[in-house]
Structures are given as C-alpha cells and as structure tokens.
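Printed here is model.pdb (PDB, C-alpha atoms):
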MODEL        1
ATOM      1  CA  MET A1388       0.000   0.000   0.000
ATOM      2  CA  ALA A1389       1.055   3.572  -0.542
ATOM      3  CA  SER A1390       0.068   7.031   0.581
ATOM      4  CA  TRP A1391      -1.199   9.568  -1.921
ATOM      5  CA  GLY A1392       2.097  11.444  -1.529
ATOM      6  CA  GLU A1393       4.071   8.358  -2.537
ATOM      7  CA  VAL A1394       1.871   7.827  -5.590
ATOM      8  CA  ALA A1395       2.111  11.518  -6.559
ATOM      9  CA  ALA A1396       5.903  11.440  -6.280
ATOM     10  CA  GLY A1397       6.243   8.181  -8.212
ATOM     11  CA  VAL A1398       3.730   8.614 -11.043
ATOM     12  CA  THR A1399       3.289  12.357 -11.435
ATOM     13  CA  GLU A1400       1.284  12.354 -14.688
ATOM     14  CA  LEU A1401      -1.232   9.856 -13.342
ATOM     15  CA  ALA A1402      -1.501  11.713 -10.016
ATOM     16  CA  ALA A1403      -2.132  15.029 -11.776
ATOM     17  CA  ARG A1404      -4.871  13.513 -13.934
ATOM     18  CA  VAL A1405      -6.504  11.794 -10.956
ATOM     19  CA  ARG A1406      -6.453  14.962  -8.887
ATOM     20  CA  SER A1407      -7.924  16.968 -11.779
ATOM     21  CA  ALA A1408     -10.725  14.419 -12.226
ATOM     22  CA  PHE A1409     -11.557  14.541  -8.500
ATOM     23  CA  ALA A1410     -11.586  18.352  -8.654
ATOM     24  CA  ALA A1411     -14.307  18.273 -11.334
ATOM     25  CA  GLY A1412     -16.979  18.147  -8.621
ATOM     26  CA  ARG A1413     -17.409  18.108  -4.883
ATOM     27  CA  HIS A1414     -19.050  14.725  -4.363
ATOM     28  CA  ALA A1415     -17.449  11.352  -4.927
ATOM     29  CA  THR A1416     -18.827   7.855  -4.336
ATOM     30  CA  VAL A1417     -17.319   5.327  -1.946
ATOM     31  CA  ALA A1418     -18.008   1.606  -1.898
ATOM     32  CA  THR A1419     -17.709  -0.227   1.407
ATOM     33  CA  LEU A1420     -18.708  -3.691   2.590
ATOM     34  CA  ARG A1421     -21.683  -4.290   4.868
ATOM     35  CA  ALA A1422     -21.539  -6.827   7.706
ATOM     36  CA  ASP A1423     -23.099  -9.466   5.421
ATOM     37  CA  GLY A1424     -20.463  -8.799   2.737
ATOM     38  CA  SER A1425     -22.769  -7.017   0.319
ATOM     39  CA  PRO A1426     -21.613  -3.701  -1.147
ATOM     40  CA  ARG A1427     -22.767  -0.302   0.056
ATOM     41  CA  ILE A1428     -22.422   2.828  -2.098
ATOM     42  CA  SER A1429     -22.344   6.206  -0.330
ATOM     43  CA  GLY A1430     -21.672   9.788  -1.258
ATOM     44  CA  ILE A1431     -18.504  11.277   0.227
ATOM     45  CA  GLU A1432     -16.159  14.245   0.001
ATOM     46  CA  VAL A1433     -12.436  13.799  -0.605
ATOM     47  CA  GLU A1434      -9.460  15.837   0.608
ATOM     48  CA  PHE A1435      -5.972  15.814  -0.858
ATOM     49  CA  GLY A1436      -3.951  16.978   2.147
ATOM     50  CA  ASP A1437      -0.843  19.122   1.951
ATOM     51  CA  ASP A1438       0.843  16.406   4.022
ATOM     52  CA  GLY A1439       0.597  13.876   1.172
ATOM     53  CA  GLU A1440      -2.418  12.066   2.575
ATOM     54  CA  LEU A1441      -5.709  11.410   0.819
ATOM     55  CA  ARG A1442      -8.649  11.549   3.230
ATOM     56  CA  ILE A1443     -12.373  11.027   3.421
ATOM     57  CA  GLY A1444     -14.659  12.142   6.198
ATOM     58  CA  SER A1445     -18.025  11.028   7.442
ATOM     59  CA  MET A1446     -20.719  12.376   9.704
ATOM     60  CA  PRO A1447     -21.270  10.663  13.069
ATOM     61  CA  GLY A1448     -23.588   7.677  12.882
ATOM     62  CA  ALA A1449     -23.028   6.984   9.190
ATOM     63  CA  ARG A1450     -23.190   3.302   8.238
ATOM     64  CA  LYS A1451     -20.060   3.611   6.088
ATOM     65  CA  VAL A1452     -18.080   4.341   9.285
ATOM     66  CA  ASP A1453     -19.245   1.028  10.763
ATOM     67  CA  ASP A1454     -18.397  -0.692   7.476
ATOM     68  CA  LEU A1455     -14.869   0.728   7.350
ATOM     69  CA  ARG A1456     -14.164  -0.040  11.002
ATOM     70  CA  ARG A1457     -15.228  -3.655  10.445
ATOM     71  CA  ASP A1458     -13.536  -4.090   7.055
ATOM     72  CA  PRO A1459     -11.311  -1.219   5.897
ATOM     73  CA  ARG A1460     -11.380  -2.120   2.203
ATOM     74  CA  PHE A1461     -12.929   0.539  -0.013
ATOM     75  CA  ALA A1462     -13.223   1.704  -3.599
ATOM     76  CA  LEU A1463     -13.616   5.417  -4.290
ATOM     77  CA  HIS A1464     -14.883   6.858  -7.579
ATOM     78  CA  GLY A1465     -14.480  10.545  -8.300
ATOM     79  CA  PRO A1466     -17.188  12.846  -9.612
ATOM     80  CA  THR A1467     -18.424  11.990 -13.072
ATOM     81  CA  ALA A1468     -19.167  14.351 -15.907
ATOM     82  CA  ASP A1469     -20.551  13.837 -19.375
ATOM     83  CA  PRO A1470     -17.610  14.042 -21.785
ATOM     84  CA  GLY A1471     -19.798  15.690 -24.433
ATOM     85  CA  GLU A1472     -19.563  15.083 -28.152
ATOM     86  CA  ASP A1473     -15.791  15.430 -28.533
ATOM     87  CA  GLY A1474     -14.623  15.206 -24.905
ATOM     88  CA  ALA A1475     -12.496  18.342 -25.320
ATOM     89  CA  SER A1476     -13.026  19.590 -21.782
ATOM     90  CA  TRP A1477     -13.584  16.230 -20.055
ATOM     91  CA  PRO A1478     -11.087  15.686 -17.199
ATOM     92  CA  GLY A1479     -11.694  11.945 -17.319
ATOM     93  CA  GLU A1480     -12.725   9.821 -14.370
ATOM     94  CA  ALA A1481     -10.643   8.645 -11.431
ATOM     95  CA  LYS A1482     -10.829   5.694  -9.076
ATOM     96  CA  VAL A1483      -8.721   4.651  -6.130
ATOM     97  CA  ALA A1484      -8.965   1.626  -3.877
ATOM     98  CA  GLY A1485      -7.240   0.324  -0.787
ATOM     99  CA  ARG A1486      -7.761   0.442   2.958
ATOM    100  CA  ALA A1487      -9.198   3.253   5.064
ATOM    101  CA  VAL A1488      -7.579   3.967   8.427
ATOM    102  CA  GLU A1489      -9.531   6.081  10.913
ATOM    103  CA  THR A1490      -7.183   8.773  12.184
ATOM    104  CA  HIS A1491      -9.353  10.958  14.427
ATOM    105  CA  ARG A1492     -12.704  12.565  15.080
ATOM    106  CA  GLN A1493     -13.215  16.260  14.570
ATOM    107  CA  ASP A1494     -14.770  18.542  17.173
ATOM    108  CA  ASP A1495     -18.160  18.162  15.462
ATOM    109  CA  GLY A1496     -17.916  14.366  15.762
ATOM    110  CA  ALA A1497     -17.068  13.750  12.105
ATOM    111  CA  HIS A1498     -14.838  10.740  11.435
ATOM    112  CA  VAL A1499     -11.676  11.206   9.365
ATOM    113  CA  PHE A1500     -10.042   8.338   7.466
ATOM    114  CA  ARG A1501      -6.642   8.267   5.753
ATOM    115  CA  LEU A1502      -6.652   6.226   2.547
ATOM    116  CA  ASP A1503      -3.816   3.747   2.008
ATOM    117  CA  LEU A1504      -3.834   2.918  -1.685
ATOM    118  CA  THR A1505      -3.556  -0.368  -3.560
ATOM    119  CA  GLU A1506      -4.920   0.931  -6.860
ATOM    120  CA  VAL A1507      -5.060   4.296  -8.648
ATOM    121  CA  VAL A1508      -6.791   4.562 -12.043
ATOM    122  CA  TRP A1509      -7.562   7.375 -14.454
ATOM    123  CA  THR A1510      -9.754   6.789 -17.508
ATOM    124  CA  GLY A1511     -10.043   9.472 -20.163
ATOM    125  CA  LEU A1512      -9.319  10.156 -23.789
ATOM    126  CA  THR A1513      -6.078  10.154 -25.736
ATOM    127  CA  ASP A1514      -4.769  13.609 -26.678
ATOM    128  CA  ASP A1515      -6.283  13.278 -30.166
ATOM    129  CA  ARG A1516      -9.557  12.053 -28.558
ATOM    130  CA  ALA A1517      -9.575   9.038 -30.890
ATOM    131  CA  ALA A1518      -9.415   6.378 -28.173
ATOM    132  CA  LEU A1519      -9.984   5.704 -24.509
ATOM    133  CA  ARG A1520      -6.808   5.933 -22.409
ATOM    134  CA  ILE A1521      -6.462   4.085 -19.104
ATOM    135  CA  LEU A1522      -3.589   4.855 -16.741
ATOM    136  CA  SER A1523      -3.368   2.570 -13.711
ATOM    137  CA  TRP A1524      -0.922   2.023 -10.880
ATOM    138  CA  HIS A1525      -0.658  -0.842  -8.398
ATOM    139  CA  PRO A1526       2.115  -1.510  -5.847
ATOM    140  CA  GLY A1527       4.583  -3.993  -7.226
ATOM    141  CA  ARG A1528       3.273  -3.647 -10.794
ATOM    142  CA  GLY A1529       3.843   0.046 -11.271
ATOM    143  CA  LEU A1530       2.262   2.137 -13.991
ATOM    144  CA  GLU A1531       0.344   0.672 -16.908
ATOM    145  CA  ASP A1532      -0.765   2.798 -19.882
ATOM    146  CA  ARG A1533      -3.387   1.234 -22.159
ATOM    147  CA  THR A1534      -5.645   2.478 -24.930
ATOM    148  CA  ARG A1535      -8.912   1.100 -26.280
ATOM    149  CA  THR A1536     -10.531   2.109 -29.530
TER     150      THR A1536
ENDMDL
END

Just give me the structure of the file as structure tokens.
Amino acid sequence: MASWGEVAAGVTELAARVRSAFAAGRHATVATLRADGSPRISGIEVEFGDDGELRIGSMPGARKVDDLRRDPRFALHGPTADPGEDGASWPGEAKVAGRAVETHRQDDGAHVFRLDLTEVVWTGLTDDRAALRILSWHPGRGLEDRTRT
C-alpha cells in the first residue's frame, strides 16, 4: 500500500490527472462492505492533504463508518461528468482503492479516514480524442498505460 504522496511522487502524470478528475466536482462515491459482505455505495467528500495524505470524512452515525471499522477495504470513484460530443473539456474519471484507516474525530464528531492505496486509475481520452486511455498504478506492478478504440 502507498500514501497519496508516494503515488504523486512516483507517477506524477497519473496523479495530476486523478487529482484533476476529482476536482471536477465536490461529491465522490465510496463503496464499502456491509456486515453481510454485500456492497454499500455512499456519497462522500475527498481531501488531498498538503501532508501527502488522501482523506475522506463522514458524519457521526453513518453506516459507512461502521463498514470501514469492520472491514477497511474501499473503492472510491471521483465525480463523473458527461464528456460531451468530442470530450475536449472532459477531465476523465478517477478511481482509487485500498484500505481506510480512521485517524481521528473532529470537534463536530465527524470521522476522518486516511486512505492507504492499492490501486489508482484514471480513464479518459487520448490527446487526439480518438481512443480511450487508461492509466493505472498498483504496488509492485507500477504504472500501466493502455488504450482502447
């Protein structure tokens, strides 16, 4: 697993694209696992900290907090946007996955989790917008750059 700072230092182009895709909107979607193992999808906000950490927060009493305390595995999908006819202004879409570690509770009771990453993916268009481009990073495998027409 790696911190966001380690990913950003090691694969700068991918990190920049992922961060840009997350900045396209305020609300992301996180997938957690319920006690029975079934998936739960929840809205969430994401913070790229100046300290190199990627964080999510949750209000007190949220079921996703219980999920992450029981099983820290998560998948996080950034905001989505319609690429339009030619995709000229589309920032792509970003996904990260790994394990969430609760670090503290804020004064208002909100839970804060640091995200340790096992996967970072950006999906968008090639520069000429003729094909889909997928950049992905996994520990031990490194960066993969694929296109699909």

If I take CA of Thr1534 (chain A) and CA of Ala1518 (chain A), how far is one from the other in Å, to one decimal? 6.3 Å

Using only C-alpha atoms for the distances, tell me which of A:Arg1413, A:Arg1535, A:His1498, A:Lys1482 is nearest to Leu1512 (chain A). A:Arg1535

Result set, the PyMOL selection byres ((chain A and resi 1501-1507) around 9) on current file, as a PyMOL selection string: chain A and resi 1388-1391+1394+1401-1402+1405+1440-1444+1461-1462+1481-1490+1499-1500+1508-1509+1522-1526

Among listed residues A:Gly1436, A:Pro1426, A:Gly1471, A:Gly1397, nearest Arg1450 (chain A) (using only C-alpha atoms): A:Pro1426

Counting only C-alpha atoms, the option among A:Asp1437, A:Glu1400, A:Glu1393, A:Glu1480 closest to Gly1412 (chain A): A:Glu1480

Starting from the shown file, work through the PyMOL selection byres ((chain A and resi 1421-1424) around 12) and note down what comes out as a list in words. Ala1418, Thr1419, Leu1420, Ser1425, Pro1426, Arg1427, Ile1428, Ser1429, Arg1450, Lys1451, Val1452, Asp1453, Asp1454, Leu1455, Arg1456, Arg1457, Asp1458, Pro1459, Arg1460 and Phe1461 of chain A

Provide the CA of Val1398 (chain A) to CA of Glu1531 (chain A) distance in Å, to one decimal place.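 Distance reported for this atom pair: 10.4 Å.
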
Which residue is closest to Thr1536 (chain A)? Choose from A:Gly1511, A:Gly1439, A:Gly1430, A:Pro1478 and count only C-alpha atoms.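 Checking each of A:Gly1511, A:Gly1439, A:Gly1430, A:Pro1478 against Thr1536 (chain A), counting only C-alpha atoms, the winner is A:Gly1511.
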
Which distance in Å separates CA of Glu1432 (chain A) and CA of Leu1519 (chain A), to one decimal?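 Computing the Euclidean distance for CA of Glu1432 (chain A) and CA of Leu1519 (chain A) yields 26.7 Å.
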
Between A:Thr1399, A:Gly1474, A:Gly1465, A:Arg1516, which one has atoms that come closest to Ala1411 (chain A), using all atoms listed in the file?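 Closest to Ala1411 (chain A) of all the choices is A:Gly1465.
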
Nearest-residue call for Gly1496 (chain A), choices A:Asp1469, A:Pro1447, A:Ile1431, A:Ala1396, using all atoms listed in the file: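 With all atoms listed in the file as the atom set, the closest residue is A:Pro1447.
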